[in-house]
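Chemist: Here you go, upload39.cif (mmCIF, N, CA and C atoms):
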```cif
data_start
loop_
_atom_site.label_atom_id
_atom_site.label_comp_id
_atom_site.auth_asym_id
_atom_site.auth_seq_id
_atom_site.Cartn_x
_atom_site.Cartn_y
_atom_site.Cartn_z
N MET A 17 -6.19 -11.72 -14.09
CA MET A 17 -6.13 -10.35 -13.62
C MET A 17 -5.56 -10.27 -12.21
N HIS A 18 -5.98 -11.20 -11.38
CA HIS A 18 -5.51 -11.16 -9.99
C HIS A 18 -4.01 -11.44 -9.91
N LEU A 19 -3.56 -12.46 -10.61
CA LEU A 19 -2.14 -12.80 -10.56
C LEU A 19 -1.28 -11.81 -11.34
N GLY A 20 -1.91 -11.05 -12.21
CA GLY A 20 -1.18 -10.04 -12.97
C GLY A 20 -0.59 -8.94 -12.11
N VAL A 21 -1.10 -8.78 -10.91
CA VAL A 21 -0.56 -7.74 -10.03
C VAL A 21 0.85 -8.06 -9.57
N PHE A 22 1.24 -9.32 -9.67
CA PHE A 22 2.60 -9.69 -9.28
C PHE A 22 3.65 -9.16 -10.27
N THR A 23 3.20 -8.62 -11.40
CA THR A 23 4.15 -8.02 -12.34
C THR A 23 4.79 -6.76 -11.77
N LYS A 24 4.28 -6.27 -10.66
CA LYS A 24 4.89 -5.09 -10.04
C LYS A 24 6.33 -5.35 -9.61
N TYR A 25 6.69 -6.62 -9.48
CA TYR A 25 8.06 -6.96 -9.11
C TYR A 25 8.99 -6.95 -10.31
N PHE A 26 8.44 -6.88 -11.52
CA PHE A 26 9.24 -6.87 -12.74
C PHE A 26 9.05 -5.60 -13.56
N ILE A 27 7.84 -5.02 -13.51
CA ILE A 27 7.50 -3.85 -14.29
C ILE A 27 7.00 -2.77 -13.32
N PRO A 28 7.56 -1.58 -13.37
CA PRO A 28 7.03 -0.51 -12.51
C PRO A 28 5.55 -0.27 -12.79
N PHE A 29 4.76 -0.20 -11.75
CA PHE A 29 3.32 -0.01 -11.82
C PHE A 29 2.61 -1.13 -12.56
N GLY A 30 3.25 -2.28 -12.67
CA GLY A 30 2.63 -3.44 -13.32
C GLY A 30 1.40 -3.92 -12.59
N ASN A 31 1.35 -3.68 -11.29
CA ASN A 31 0.17 -4.08 -10.51
C ASN A 31 -1.06 -3.27 -10.89
N PHE A 32 -0.88 -2.13 -11.56
CA PHE A 32 -2.01 -1.35 -12.07
C PHE A 32 -2.20 -1.58 -13.56
N ILE A 33 -1.09 -1.59 -14.30
CA ILE A 33 -1.15 -1.66 -15.76
C ILE A 33 -1.77 -2.96 -16.25
N VAL A 34 -1.27 -4.08 -15.76
CA VAL A 34 -1.74 -5.39 -16.26
C VAL A 34 -3.22 -5.62 -15.95
N PRO A 35 -3.68 -5.45 -14.71
CA PRO A 35 -5.12 -5.65 -14.48
C PRO A 35 -6.01 -4.68 -15.25
N ILE A 36 -5.57 -3.43 -15.38
CA ILE A 36 -6.38 -2.46 -16.12
C ILE A 36 -6.47 -2.85 -17.59
N LEU A 37 -5.34 -3.27 -18.18
CA LEU A 37 -5.37 -3.70 -19.58
C LEU A 37 -6.26 -4.93 -19.77
N LEU A 38 -6.10 -5.92 -18.89
CA LEU A 38 -6.92 -7.13 -19.00
C LEU A 38 -8.40 -6.83 -18.78
N TRP A 39 -8.67 -5.97 -17.82
CA TRP A 39 -10.07 -5.64 -17.51
C TRP A 39 -10.72 -4.86 -18.64
N THR A 40 -10.05 -3.82 -19.14
CA THR A 40 -10.66 -2.99 -20.18
C THR A 40 -10.86 -3.74 -21.49
N THR A 41 -9.98 -4.68 -21.79
CA THR A 41 -10.13 -5.42 -23.04
C THR A 41 -11.14 -6.56 -22.93
N ASN A 42 -11.43 -7.02 -21.72
CA ASN A 42 -12.31 -8.18 -21.57
C ASN A 42 -13.59 -7.93 -20.78
N LYS A 43 -13.80 -6.72 -20.26
CA LYS A 43 -14.94 -6.48 -19.37
C LYS A 43 -16.28 -6.64 -20.05
N ASP A 44 -16.34 -6.44 -21.35
CA ASP A 44 -17.61 -6.57 -22.07
C ASP A 44 -17.98 -8.02 -22.37
N LYS A 45 -17.06 -8.94 -22.15
CA LYS A 45 -17.32 -10.35 -22.46
C LYS A 45 -18.24 -11.01 -21.45
N SER A 46 -18.10 -10.63 -20.17
CA SER A 46 -18.99 -11.20 -19.15
C SER A 46 -18.97 -10.35 -17.89
N ASP A 47 -20.03 -10.46 -17.13
CA ASP A 47 -20.09 -9.75 -15.84
C ASP A 47 -19.08 -10.32 -14.86
N PHE A 48 -18.79 -11.60 -14.98
CA PHE A 48 -17.82 -12.26 -14.10
C PHE A 48 -16.44 -11.60 -14.24
N ILE A 49 -15.99 -11.43 -15.47
CA ILE A 49 -14.69 -10.79 -15.73
C ILE A 49 -14.73 -9.34 -15.29
N ASP A 50 -15.84 -8.66 -15.54
CA ASP A 50 -15.98 -7.27 -15.13
C ASP A 50 -15.86 -7.13 -13.61
N ASN A 51 -16.54 -7.99 -12.87
CA ASN A 51 -16.48 -7.94 -11.40
C ASN A 51 -15.08 -8.22 -10.87
N HIS A 52 -14.42 -9.24 -11.41
CA HIS A 52 -13.08 -9.56 -10.93
C HIS A 52 -12.07 -8.48 -11.29
N GLY A 53 -12.23 -7.87 -12.45
CA GLY A 53 -11.33 -6.77 -12.83
C GLY A 53 -11.47 -5.58 -11.91
N LYS A 54 -12.71 -5.23 -11.60
CA LYS A 54 -12.95 -4.11 -10.68
C LYS A 54 -12.37 -4.42 -9.30
N GLU A 55 -12.56 -5.63 -8.84
CA GLU A 55 -12.04 -6.01 -7.53
C GLU A 55 -10.52 -5.93 -7.48
N ALA A 56 -9.86 -6.43 -8.52
CA ALA A 56 -8.40 -6.41 -8.55
C ALA A 56 -7.87 -4.98 -8.56
N ILE A 57 -8.48 -4.13 -9.37
CA ILE A 57 -8.03 -2.73 -9.45
C ILE A 57 -8.34 -1.98 -8.16
N ASN A 58 -9.53 -2.17 -7.62
CA ASN A 58 -9.89 -1.52 -6.36
C ASN A 58 -8.96 -1.93 -5.23
N PHE A 59 -8.59 -3.21 -5.20
CA PHE A 59 -7.71 -3.68 -4.15
C PHE A 59 -6.33 -3.04 -4.27
N GLN A 60 -5.81 -2.93 -5.48
CA GLN A 60 -4.50 -2.32 -5.67
C GLN A 60 -4.53 -0.83 -5.33
N LEU A 61 -5.61 -0.16 -5.68
CA LEU A 61 -5.73 1.26 -5.30
C LEU A 61 -5.82 1.41 -3.79
N SER A 62 -6.53 0.50 -3.13
CA SER A 62 -6.63 0.54 -1.67
C SER A 62 -5.27 0.30 -1.03
N ILE A 63 -4.52 -0.66 -1.55
CA ILE A 63 -3.18 -0.94 -1.03
C ILE A 63 -2.29 0.29 -1.20
N LEU A 64 -2.39 0.96 -2.34
CA LEU A 64 -1.61 2.18 -2.56
C LEU A 64 -1.98 3.24 -1.53
N LEU A 65 -3.26 3.44 -1.29
CA LEU A 65 -3.71 4.42 -0.31
C LEU A 65 -3.20 4.07 1.09
N TYR A 66 -3.31 2.79 1.48
CA TYR A 66 -2.84 2.37 2.80
C TYR A 66 -1.33 2.56 2.93
N THR A 67 -0.59 2.32 1.85
CA THR A 67 0.86 2.50 1.88
C THR A 67 1.23 3.97 2.04
N VAL A 68 0.53 4.85 1.36
CA VAL A 68 0.78 6.29 1.49
C VAL A 68 0.48 6.74 2.92
N ILE A 69 -0.62 6.28 3.49
CA ILE A 69 -0.97 6.65 4.86
C ILE A 69 0.08 6.14 5.84
N LEU A 70 0.53 4.90 5.66
CA LEU A 70 1.55 4.34 6.54
C LEU A 70 2.86 5.12 6.40
N GLY A 71 3.19 5.54 5.18
CA GLY A 71 4.39 6.35 4.98
C GLY A 71 4.29 7.69 5.66
N MET A 72 3.10 8.30 5.62
CA MET A 72 2.90 9.59 6.28
C MET A 72 3.00 9.43 7.81
N ILE A 73 2.52 8.32 8.32
CA ILE A 73 2.62 8.09 9.76
C ILE A 73 4.07 7.85 10.17
N SER A 74 4.83 7.17 9.32
CA SER A 74 6.22 6.86 9.67
C SER A 74 7.17 8.04 9.49
N PHE A 75 6.78 9.03 8.70
CA PHE A 75 7.65 10.18 8.43
C PHE A 75 8.16 10.88 9.69
N PRO A 76 7.31 11.16 10.67
CA PRO A 76 7.82 11.84 11.89
C PRO A 76 8.89 11.05 12.63
N PHE A 77 8.84 9.74 12.59
CA PHE A 77 9.87 8.95 13.27
C PHE A 77 11.24 9.19 12.66
N PHE A 78 11.28 9.31 11.34
CA PHE A 78 12.56 9.55 10.68
C PHE A 78 13.02 10.99 10.87
N VAL A 79 12.10 11.93 10.91
CA VAL A 79 12.46 13.33 11.15
C VAL A 79 13.04 13.48 12.55
N PHE A 80 12.39 12.87 13.54
CA PHE A 80 12.90 12.97 14.91
C PHE A 80 14.22 12.23 15.06
N ASN A 81 14.42 11.22 14.26
CA ASN A 81 15.69 10.51 14.30
C ASN A 81 16.82 11.39 13.77
N ILE A 82 16.53 12.20 12.76
CA ILE A 82 17.56 13.07 12.18
C ILE A 82 17.84 14.26 13.07
N PHE A 83 16.79 14.95 13.54
CA PHE A 83 16.97 16.18 14.29
C PHE A 83 17.17 15.97 15.78
N GLY A 84 17.00 14.78 16.26
CA GLY A 84 17.23 14.50 17.66
C GLY A 84 16.30 15.28 18.57
N ASP A 85 16.86 16.03 19.50
CA ASP A 85 16.08 16.77 20.48
C ASP A 85 15.74 18.20 20.04
N ALA A 86 16.06 18.59 18.83
CA ALA A 86 15.75 19.94 18.37
C ALA A 86 14.25 20.10 18.20
N SER A 87 13.73 21.23 18.61
CA SER A 87 12.31 21.49 18.44
C SER A 87 12.06 22.06 17.05
N LEU A 88 10.81 22.07 16.63
CA LEU A 88 10.47 22.63 15.33
C LEU A 88 10.79 24.12 15.29
N PHE A 89 10.65 24.80 16.40
CA PHE A 89 11.01 26.22 16.47
C PHE A 89 12.49 26.41 16.16
N ASP A 90 13.33 25.54 16.71
CA ASP A 90 14.77 25.62 16.46
C ASP A 90 15.10 25.35 15.01
N VAL A 91 14.35 24.46 14.40
CA VAL A 91 14.63 24.09 13.02
C VAL A 91 14.26 25.22 12.07
N PHE A 92 13.10 25.85 12.25
CA PHE A 92 12.63 26.86 11.32
C PHE A 92 13.17 28.26 11.62
N ASN A 93 13.49 28.55 12.87
CA ASN A 93 14.03 29.85 13.26
C ASN A 93 15.42 29.64 13.82
N HIS A 94 16.41 29.78 13.00
CA HIS A 94 17.77 29.42 13.40
C HIS A 94 18.33 30.30 14.51
N ASN A 95 17.93 31.52 14.66
CA ASN A 95 18.27 32.43 15.77
C ASN A 95 19.64 32.17 16.39
N GLY A 96 20.59 31.80 15.59
CA GLY A 96 21.94 31.61 16.11
C GLY A 96 22.12 30.34 16.92
N LEU A 97 21.12 29.49 16.96
CA LEU A 97 21.24 28.24 17.71
C LEU A 97 21.95 27.21 16.86
N ASP A 98 22.76 26.44 17.50
CA ASP A 98 23.48 25.38 16.79
C ASP A 98 22.66 24.10 16.92
N ILE A 99 22.12 23.65 15.79
CA ILE A 99 21.31 22.42 15.80
C ILE A 99 22.21 21.25 15.46
N ASN A 100 22.24 20.29 16.34
CA ASN A 100 23.05 19.10 16.11
C ASN A 100 22.19 18.01 15.48
N PHE A 101 22.63 17.58 14.32
CA PHE A 101 21.95 16.47 13.68
C PHE A 101 22.49 15.19 14.27
N SER A 102 21.58 14.30 14.64
CA SER A 102 22.03 13.07 15.28
C SER A 102 21.67 11.88 14.41
N THR A 103 22.38 10.80 14.62
CA THR A 103 22.07 9.57 13.89
C THR A 103 21.29 8.60 14.76
N GLY A 104 21.20 8.88 16.04
CA GLY A 104 20.46 8.00 16.93
C GLY A 104 19.30 8.74 17.55
N GLY A 105 18.08 8.33 17.25
CA GLY A 105 16.91 9.01 17.75
C GLY A 105 16.40 8.44 19.05
N GLY A 106 17.05 7.43 19.52
CA GLY A 106 16.65 6.88 20.80
C GLY A 106 15.67 5.73 20.68
N PHE A 107 15.28 5.30 21.85
CA PHE A 107 14.43 4.12 21.97
C PHE A 107 13.02 4.36 21.42
N ARG A 108 12.48 5.58 21.62
CA ARG A 108 11.13 5.89 21.12
C ARG A 108 11.05 5.73 19.62
N THR A 109 12.03 6.24 18.93
CA THR A 109 12.04 6.16 17.47
C THR A 109 12.14 4.72 17.01
N LEU A 110 12.97 3.95 17.69
CA LEU A 110 13.13 2.54 17.33
C LEU A 110 11.82 1.77 17.51
N ILE A 111 11.14 2.00 18.61
CA ILE A 111 9.87 1.31 18.88
C ILE A 111 8.81 1.73 17.86
N GLY A 112 8.70 3.03 17.61
CA GLY A 112 7.71 3.52 16.66
C GLY A 112 7.95 3.02 15.25
N ALA A 113 9.19 3.09 14.80
CA ALA A 113 9.52 2.63 13.46
C ALA A 113 9.36 1.12 13.35
N SER A 114 9.69 0.39 14.40
CA SER A 114 9.53 -1.06 14.38
C SER A 114 8.06 -1.44 14.31
N PHE A 115 7.23 -0.73 15.05
CA PHE A 115 5.79 -1.00 15.02
C PHE A 115 5.22 -0.78 13.63
N ILE A 116 5.59 0.31 12.99
CA ILE A 116 5.11 0.59 11.64
C ILE A 116 5.67 -0.42 10.66
N GLY A 117 6.91 -0.84 10.84
CA GLY A 117 7.50 -1.87 10.00
C GLY A 117 6.77 -3.20 10.11
N VAL A 118 6.38 -3.56 11.32
CA VAL A 118 5.63 -4.81 11.53
C VAL A 118 4.26 -4.73 10.85
N ILE A 119 3.60 -3.58 10.96
CA ILE A 119 2.31 -3.40 10.30
C ILE A 119 2.48 -3.53 8.78
N ALA A 120 3.53 -2.93 8.23
CA ALA A 120 3.78 -3.02 6.79
C ALA A 120 4.06 -4.45 6.37
N LEU A 121 4.79 -5.19 7.16
CA LEU A 121 5.10 -6.59 6.84
C LEU A 121 3.85 -7.45 6.88
N ILE A 122 3.01 -7.24 7.89
CA ILE A 122 1.74 -7.97 7.96
C ILE A 122 0.87 -7.64 6.75
N GLY A 123 0.82 -6.36 6.38
CA GLY A 123 0.06 -5.95 5.21
C GLY A 123 0.57 -6.59 3.93
N PHE A 124 1.89 -6.71 3.80
CA PHE A 124 2.49 -7.35 2.63
C PHE A 124 2.05 -8.81 2.51
N PHE A 125 2.12 -9.55 3.62
CA PHE A 125 1.72 -10.95 3.59
C PHE A 125 0.21 -11.11 3.36
N LEU A 126 -0.59 -10.24 3.95
CA LEU A 126 -2.03 -10.29 3.72
C LEU A 126 -2.36 -10.01 2.26
N GLU A 127 -1.64 -9.08 1.66
CA GLU A 127 -1.87 -8.78 0.24
C GLU A 127 -1.63 -10.02 -0.61
N ILE A 128 -0.54 -10.71 -0.37
CA ILE A 128 -0.24 -11.92 -1.14
C ILE A 128 -1.31 -12.99 -0.92
N ILE A 129 -1.72 -13.18 0.32
CA ILE A 129 -2.74 -14.18 0.63
C ILE A 129 -4.06 -13.84 -0.05
N PHE A 130 -4.47 -12.56 0.01
CA PHE A 130 -5.72 -12.14 -0.62
C PHE A 130 -5.68 -12.30 -2.14
N ILE A 131 -4.55 -11.99 -2.76
CA ILE A 131 -4.43 -12.10 -4.21
C ILE A 131 -4.52 -13.56 -4.64
N ILE A 132 -3.82 -14.43 -3.94
CA ILE A 132 -3.86 -15.86 -4.29
C ILE A 132 -5.26 -16.42 -4.05
N SER A 133 -5.91 -16.02 -2.97
CA SER A 133 -7.28 -16.46 -2.71
C SER A 133 -8.22 -16.01 -3.82
N ALA A 134 -8.07 -14.79 -4.27
CA ALA A 134 -8.92 -14.27 -5.35
C ALA A 134 -8.69 -15.05 -6.64
N ALA A 135 -7.43 -15.35 -6.94
CA ALA A 135 -7.13 -16.10 -8.15
C ALA A 135 -7.71 -17.51 -8.10
N LEU A 136 -7.64 -18.14 -6.93
CA LEU A 136 -8.21 -19.49 -6.79
C LEU A 136 -9.73 -19.47 -6.92
N LYS A 137 -10.36 -18.46 -6.34
CA LYS A 137 -11.82 -18.33 -6.47
C LYS A 137 -12.22 -18.08 -7.92
N ALA A 138 -11.47 -17.23 -8.60
CA ALA A 138 -11.76 -16.94 -10.01
C ALA A 138 -11.58 -18.19 -10.86
N ASN A 139 -10.59 -18.99 -10.53
CA ASN A 139 -10.36 -20.24 -11.26
C ASN A 139 -11.53 -21.21 -11.09
N LYS A 140 -12.19 -21.14 -9.95
CA LYS A 140 -13.36 -21.99 -9.68
C LYS A 140 -14.66 -21.34 -10.13
N SER A 141 -14.55 -20.21 -10.84
CA SER A 141 -15.71 -19.44 -11.33
C SER A 141 -16.59 -18.93 -10.19
N GLU A 142 -15.95 -18.55 -9.09
CA GLU A 142 -16.66 -17.98 -7.96
C GLU A 142 -16.30 -16.51 -7.83
N LEU A 143 -17.24 -15.72 -7.38
CA LEU A 143 -16.95 -14.30 -7.13
C LEU A 143 -16.13 -14.15 -5.86
N TYR A 144 -15.28 -13.14 -5.84
CA TYR A 144 -14.45 -12.88 -4.67
C TYR A 144 -14.43 -11.39 -4.40
N ARG A 145 -14.59 -11.03 -3.15
CA ARG A 145 -14.49 -9.62 -2.73
C ARG A 145 -13.33 -9.52 -1.76
N TYR A 146 -12.36 -8.71 -2.15
CA TYR A 146 -11.20 -8.51 -1.29
C TYR A 146 -11.61 -7.85 0.01
N PRO A 147 -11.11 -8.36 1.14
CA PRO A 147 -11.37 -7.65 2.40
C PRO A 147 -10.54 -6.36 2.47
N LEU A 148 -10.99 -5.43 3.27
CA LEU A 148 -10.29 -4.16 3.52
C LEU A 148 -10.13 -3.33 2.25
N THR A 149 -11.04 -3.49 1.30
CA THR A 149 -10.93 -2.79 0.03
C THR A 149 -11.94 -1.65 -0.06
N ILE A 150 -11.47 -0.51 -0.52
CA ILE A 150 -12.35 0.63 -0.79
C ILE A 150 -12.79 0.48 -2.25
N ARG A 151 -14.07 0.54 -2.48
CA ARG A 151 -14.62 0.36 -3.84
C ARG A 151 -14.57 1.69 -4.59
N PHE A 152 -13.44 1.97 -5.24
CA PHE A 152 -13.30 3.19 -6.03
C PHE A 152 -14.08 3.07 -7.34
N ILE A 153 -13.97 1.90 -7.98
CA ILE A 153 -14.67 1.62 -9.23
C ILE A 153 -15.84 0.73 -8.90
N LYS A 154 -17.04 1.18 -9.25
CA LYS A 154 -18.23 0.39 -8.91
C LYS A 154 -18.84 -0.24 -10.13
#
```
For this file, write the structure as structure tokens.
Modeler:
Amino acid sequence: MHLGVFTKYFIPFGNFIVPILLWTTNKDKSDFIDNHGKEAINFQLSILLYTVILGMISFPFFVFNIFGDASLFDVFNHNGLDINFSTGGGFRTLIGASFIGVIALIGFFLEIIFIISAALKANKSELYRYPLTIRFIK
């Protein structure tokens, strides 16, 4: 179940589909499988939530990069003002976008490390709880 999330690189939403299929078909066989299935699904849902939040935080950097120095008032109330769209948002945008990019990259590597750790623990018949996971399914 844990390694099944890597199917997201081959199948759209494979990181949800494969663990859910494996969990629902095998959860009644043992509590061990039930616990690992819930953990894998909860972790993927948490990663999705964190990705959406990071995307929402990064959105203003791209908007300011496009509109440059135009204020929101200028954008929504055209009042005959000529708004220049720019391709360079300046140093602030670069720093902000780079910071969010670094956070996303760290999150990507942590996700891989946590998944492999969970798979190794499951192989040794040990329980594993993903760090930074919101328990949606209990």
Chemist: Taking 4 positions as the minimum chain separation for residues in the same chain, which residues sit within 9 Å of A:Phe152 when counting only C-alpha atoms? Answer as an mmCIF file with N, CA and C atoms, in the coordinates of the input.
Modeler:
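Just written: result32.cif:
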```cif
data_model
loop_
_atom_site.group_PDB
_atom_site.id
_atom_site.type_symbol
_atom_site.label_atom_id
_atom_site.label_comp_id
_atom_site.auth_asym_id
_atom_site.auth_seq_id
_atom_site.Cartn_x
_atom_site.Cartn_y
_atom_site.Cartn_z
ATOM 1 N N LYS A 54 -12.710 -5.230 -11.600
ATOM 2 C CA LYS A 54 -12.950 -4.110 -10.680
ATOM 3 C C LYS A 54 -12.370 -4.420 -9.300
ATOM 4 N N ILE A 57 -8.480 -4.130 -9.370
ATOM 5 C CA ILE A 57 -8.030 -2.730 -9.450
ATOM 6 C C ILE A 57 -8.340 -1.980 -8.160
ATOM 7 N N ASN A 58 -9.530 -2.170 -7.620
ATOM 8 C CA ASN A 58 -9.890 -1.520 -6.360
ATOM 9 C C ASN A 58 -8.960 -1.930 -5.230
ATOM 10 N N LEU A 61 -5.610 -0.160 -5.680
ATOM 11 C CA LEU A 61 -5.730 1.260 -5.300
ATOM 12 C C LEU A 61 -5.820 1.410 -3.790
ATOM 13 N N SER A 62 -6.530 0.500 -3.130
ATOM 14 C CA SER A 62 -6.630 0.540 -1.670
ATOM 15 C C SER A 62 -5.270 0.300 -1.030
#
```
Chemist: Just the residues within 7 Å of A:Gly20, please, counting only N, CA and C atoms, with nothing from its chain fewer than 5 positions along; format it as a list in words.
Modeler: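 My reading of the contact set: Gly30, Asn31, Phe32, Val34 and Pro35 of chain A.
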Chemist: Could you tell me how far atom N of A:Leu121 sits from atom CA of A:Phe77, in Å to one decimal place?
Modeler: 16.2 Å
Chemist: Can you pull out the residues contacting A:Ala134? Cut-off 8 Å, using only N, CA and C atoms, and skip same-chain residues under 3 positions away; I want them as a ChimeraX atom specification.
Modeler: /A:17-19,128-131,137-140,142-146
Chemist: To one decimal place in Å, what is the distance between atom CA of A:Ala113 and atom C of A:Ile63?
Modeler: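 Taking atom CA of A:Ala113 and atom C of A:Ile63, their separation equals 19.0 Å.
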Chemist: Out of A:Ile33, A:Ile111, A:Ala56, A:Ile49, which residue has the shortest atom-to-atom distance to A:Ser133 when counting only C-alpha atoms?
Modeler: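 The answer is A:Ala56, which sits nearest to A:Ser133.
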Chemist: Hey, can you check how far atom CA of A:Ala135 sits from atom CA of A:Gln60?
Modeler: 14.2 Å
Chemist: Padding of 8 Å on every side, edges along x, y and z, all listed atoms of stretch 39-45 of chain A included: what centre and edge lengths in Å, to one decimal, does that box have, as JSON?
Modeler:
```
{"center_x": -13.5, "center_y": -7.0, "center_z": -20.3, "size_x": 25.6, "size_y": 24.0, "size_z": 21.5}
```
Chemist: Quick one: stretch 109-125 of chain A with N, CA, C and O atoms, as a PDB file, in the coordinates of the input?
Modeler:
```pdb
ATOM      1  N   THR A 109      12.030   6.240  18.930  1.00  0.00           N
ATOM      2  CA  THR A 109      12.040   6.160  17.470  1.00  0.00           C
ATOM      3  C   THR A 109      12.140   4.720  17.010  1.00  0.00           C
ATOM      4  O   THR A 109      11.465   4.306  16.077  1.00  0.00           O
ATOM      5  N   LEU A 110      12.970   3.950  17.690  1.00  0.00           N
ATOM      6  CA  LEU A 110      13.130   2.540  17.330  1.00  0.00           C
ATOM      7  C   LEU A 110      11.820   1.770  17.510  1.00  0.00           C
ATOM      8  O   LEU A 110      11.416   1.006  16.638  1.00  0.00           O
ATOM      9  N   ILE A 111      11.140   2.000  18.610  1.00  0.00           N
ATOM     10  CA  ILE A 111       9.870   1.310  18.880  1.00  0.00           C
ATOM     11  C   ILE A 111       8.810   1.730  17.860  1.00  0.00           C
ATOM     12  O   ILE A 111       8.113   0.900  17.277  1.00  0.00           O
ATOM     13  N   GLY A 112       8.700   3.030  17.610  1.00  0.00           N
ATOM     14  CA  GLY A 112       7.710   3.520  16.660  1.00  0.00           C
ATOM     15  C   GLY A 112       7.950   3.020  15.250  1.00  0.00           C
ATOM     16  O   GLY A 112       7.048   2.554  14.562  1.00  0.00           O
ATOM     17  N   ALA A 113       9.190   3.090  14.800  1.00  0.00           N
ATOM     18  CA  ALA A 113       9.520   2.630  13.460  1.00  0.00           C
ATOM     19  C   ALA A 113       9.360   1.120  13.350  1.00  0.00           C
ATOM     20  O   ALA A 113       8.914   0.620  12.314  1.00  0.00           O
ATOM     21  N   SER A 114       9.690   0.390  14.400  1.00  0.00           N
ATOM     22  CA  SER A 114       9.530  -1.060  14.380  1.00  0.00           C
ATOM     23  C   SER A 114       8.060  -1.440  14.310  1.00  0.00           C
ATOM     24  O   SER A 114       7.688  -2.363  13.581  1.00  0.00           O
ATOM     25  N   PHE A 115       7.230  -0.730  15.050  1.00  0.00           N
ATOM     26  CA  PHE A 115       5.790  -1.000  15.020  1.00  0.00           C
ATOM     27  C   PHE A 115       5.220  -0.780  13.630  1.00  0.00           C
ATOM     28  O   PHE A 115       4.469  -1.611  13.114  1.00  0.00           O
ATOM     29  N   ILE A 116       5.590   0.310  12.990  1.00  0.00           N
ATOM     30  CA  ILE A 116       5.110   0.590  11.640  1.00  0.00           C
ATOM     31  C   ILE A 116       5.670  -0.420  10.660  1.00  0.00           C
ATOM     32  O   ILE A 116       4.976  -0.868   9.745  1.00  0.00           O
ATOM     33  N   GLY A 117       6.910  -0.840  10.840  1.00  0.00           N
ATOM     34  CA  GLY A 117       7.500  -1.870  10.000  1.00  0.00           C
ATOM     35  C   GLY A 117       6.770  -3.200  10.110  1.00  0.00           C
ATOM     36  O   GLY A 117       6.554  -3.892   9.112  1.00  0.00           O
ATOM     37  N   VAL A 118       6.380  -3.560  11.320  1.00  0.00           N
ATOM     38  CA  VAL A 118       5.630  -4.810  11.530  1.00  0.00           C
ATOM     39  C   VAL A 118       4.260  -4.730  10.850  1.00  0.00           C
ATOM     40  O   VAL A 118       3.816  -5.682  10.213  1.00  0.00           O
ATOM     41  N   ILE A 119       3.600  -3.580  10.960  1.00  0.00           N
ATOM     42  CA  ILE A 119       2.310  -3.400  10.300  1.00  0.00           C
ATOM     43  C   ILE A 119       2.480  -3.530   8.780  1.00  0.00           C
ATOM     44  O   ILE A 119       1.673  -4.178   8.112  1.00  0.00           O
ATOM     45  N   ALA A 120       3.530  -2.930   8.230  1.00  0.00           N
ATOM     46  CA  ALA A 120       3.780  -3.020   6.790  1.00  0.00           C
ATOM     47  C   ALA A 120       4.060  -4.450   6.370  1.00  0.00           C
ATOM     48  O   ALA A 120       3.575  -4.900   5.318  1.00  0.00           O
ATOM     49  N   LEU A 121       4.790  -5.190   7.160  1.00  0.00           N
ATOM     50  CA  LEU A 121       5.100  -6.590   6.840  1.00  0.00           C
ATOM     51  C   LEU A 121       3.850  -7.450   6.880  1.00  0.00           C
ATOM     52  O   LEU A 121       3.623  -8.294   6.003  1.00  0.00           O
ATOM     53  N   ILE A 122       3.010  -7.240   7.890  1.00  0.00           N
ATOM     54  CA  ILE A 122       1.740  -7.970   7.960  1.00  0.00           C
ATOM     55  C   ILE A 122       0.870  -7.640   6.750  1.00  0.00           C
ATOM     56  O   ILE A 122       0.273  -8.536   6.141  1.00  0.00           O
ATOM     57  N   GLY A 123       0.820  -6.360   6.380  1.00  0.00           N
ATOM     58  CA  GLY A 123       0.060  -5.950   5.210  1.00  0.00           C
ATOM     59  C   GLY A 123       0.570  -6.590   3.930  1.00  0.00           C
ATOM     60  O   GLY A 123      -0.210  -7.002   3.066  1.00  0.00           O
ATOM     61  N   PHE A 124       1.890  -6.710   3.800  1.00  0.00           N
ATOM     62  CA  PHE A 124       2.490  -7.350   2.630  1.00  0.00           C
ATOM     63  C   PHE A 124       2.050  -8.810   2.510  1.00  0.00           C
ATOM     64  O   PHE A 124       1.641  -9.267   1.437  1.00  0.00           O
ATOM     65  N   PHE A 125       2.120  -9.550   3.620  1.00  0.00           N
ATOM     66  CA  PHE A 125       1.720 -10.950   3.590  1.00  0.00           C
ATOM     67  C   PHE A 125       0.210 -11.110   3.360  1.00  0.00           C
ATOM     68  O   PHE A 125      -0.224 -12.009   2.634  1.00  0.00           O
TER      69      PHE A 125
END
```
